[in-house]
Amino acid sequence: MRWTAESVDYIRLDHFRGFEQYWEIPAHEPTAVNGRWVDGPKDDFFHKVREAIPSFPFFAEDLALSPAKSMRCGSASHLPRMAVLQFGFGDAGSHVYLPHRCMPDSVIYTGTHDTDTAVGWWQTLGDYERHNAETYLGPAQTEFTGD
């Protein structure tokens, strides 16, 4: 980790939710159905890393199903968070991903490797999400054809 921190400007901690809790599956199980949630290392991990790497150039991919729960983890270490704009226009709790709700040191993406492209996302939005997106971002100026 020290070498990586010296080699790049920022390090994204992928699947950040796993530092709070992770899904443990017994090795003999053929599927993940019989797993269970187990506590992760939480802030203890980040305190140790900060001791070893004071510059600590990390930010958290905080894309948990329960953002409030995973936001507790790492908060004592003041980790910048990641938000995905595409997630901000769905159900009532999704607004936490909108830029005005993010902390000033947040890293905001339009999407990730797990989401559609911005054009593909826009073309497949339902009426509810499209209305929310246009209310927040303004009406679309052009319709994308994908060509």
# chains A, B, ... in the order shown; residues from 1 in each chain; ligands from 1

call {"tool": "closest_atom_pairs", "arguments": {"of": "region 3-96 of chain A", "to": "region 101-123 of chain A", "cutoff": "6 Å", "atoms": "only C-alpha atoms", "output": "CSV"}}
result
residue,atom,partner,partner_atom,distance
A:Pro80,CA,A:Ser106,CA,5.2
A:Arg81,CA,A:Ser106,CA,4.8
A:Met82,CA,A:Val107,CA,4.7
A:Ala83,CA,A:Ile108,CA,4.8
A:Val84,CA,A:Tyr109,CA,4.8
A:Leu85,CA,A:Thr110,CA,4.9
A:Gln86,CA,A:Thr110,CA,5.9
A:Val96,CA,A:Arg101,CA,5.6

call {"tool": "select_by_dssp", "arguments": {"residues": "region 51-143 of chain A", "states": "strand (DSSP E)", "output": "list in words"}}
result
Phe58, Phe59, Ala60, Met82, Ala83, Val84, Val107, Ile108 and Tyr109 of chain A

call {"tool": "closest_residue", "arguments": {"among": "A:Phe89, A:Phe19, A:Trp3, A:Tyr97", "to": "Phe45 (chain A)", "atoms": "only C-alpha atoms"}}
result
A:Phe19

call {"tool": "residues_around", "arguments": {"residues": "Ala5 (chain A)", "least_positions_apart": "2", "cutoff": "10 Å", "atoms": "only C-alpha atoms", "output": "VMD selection string"}}
result
chain A and resid 1 to 3 7 to 11 53 55 to 58
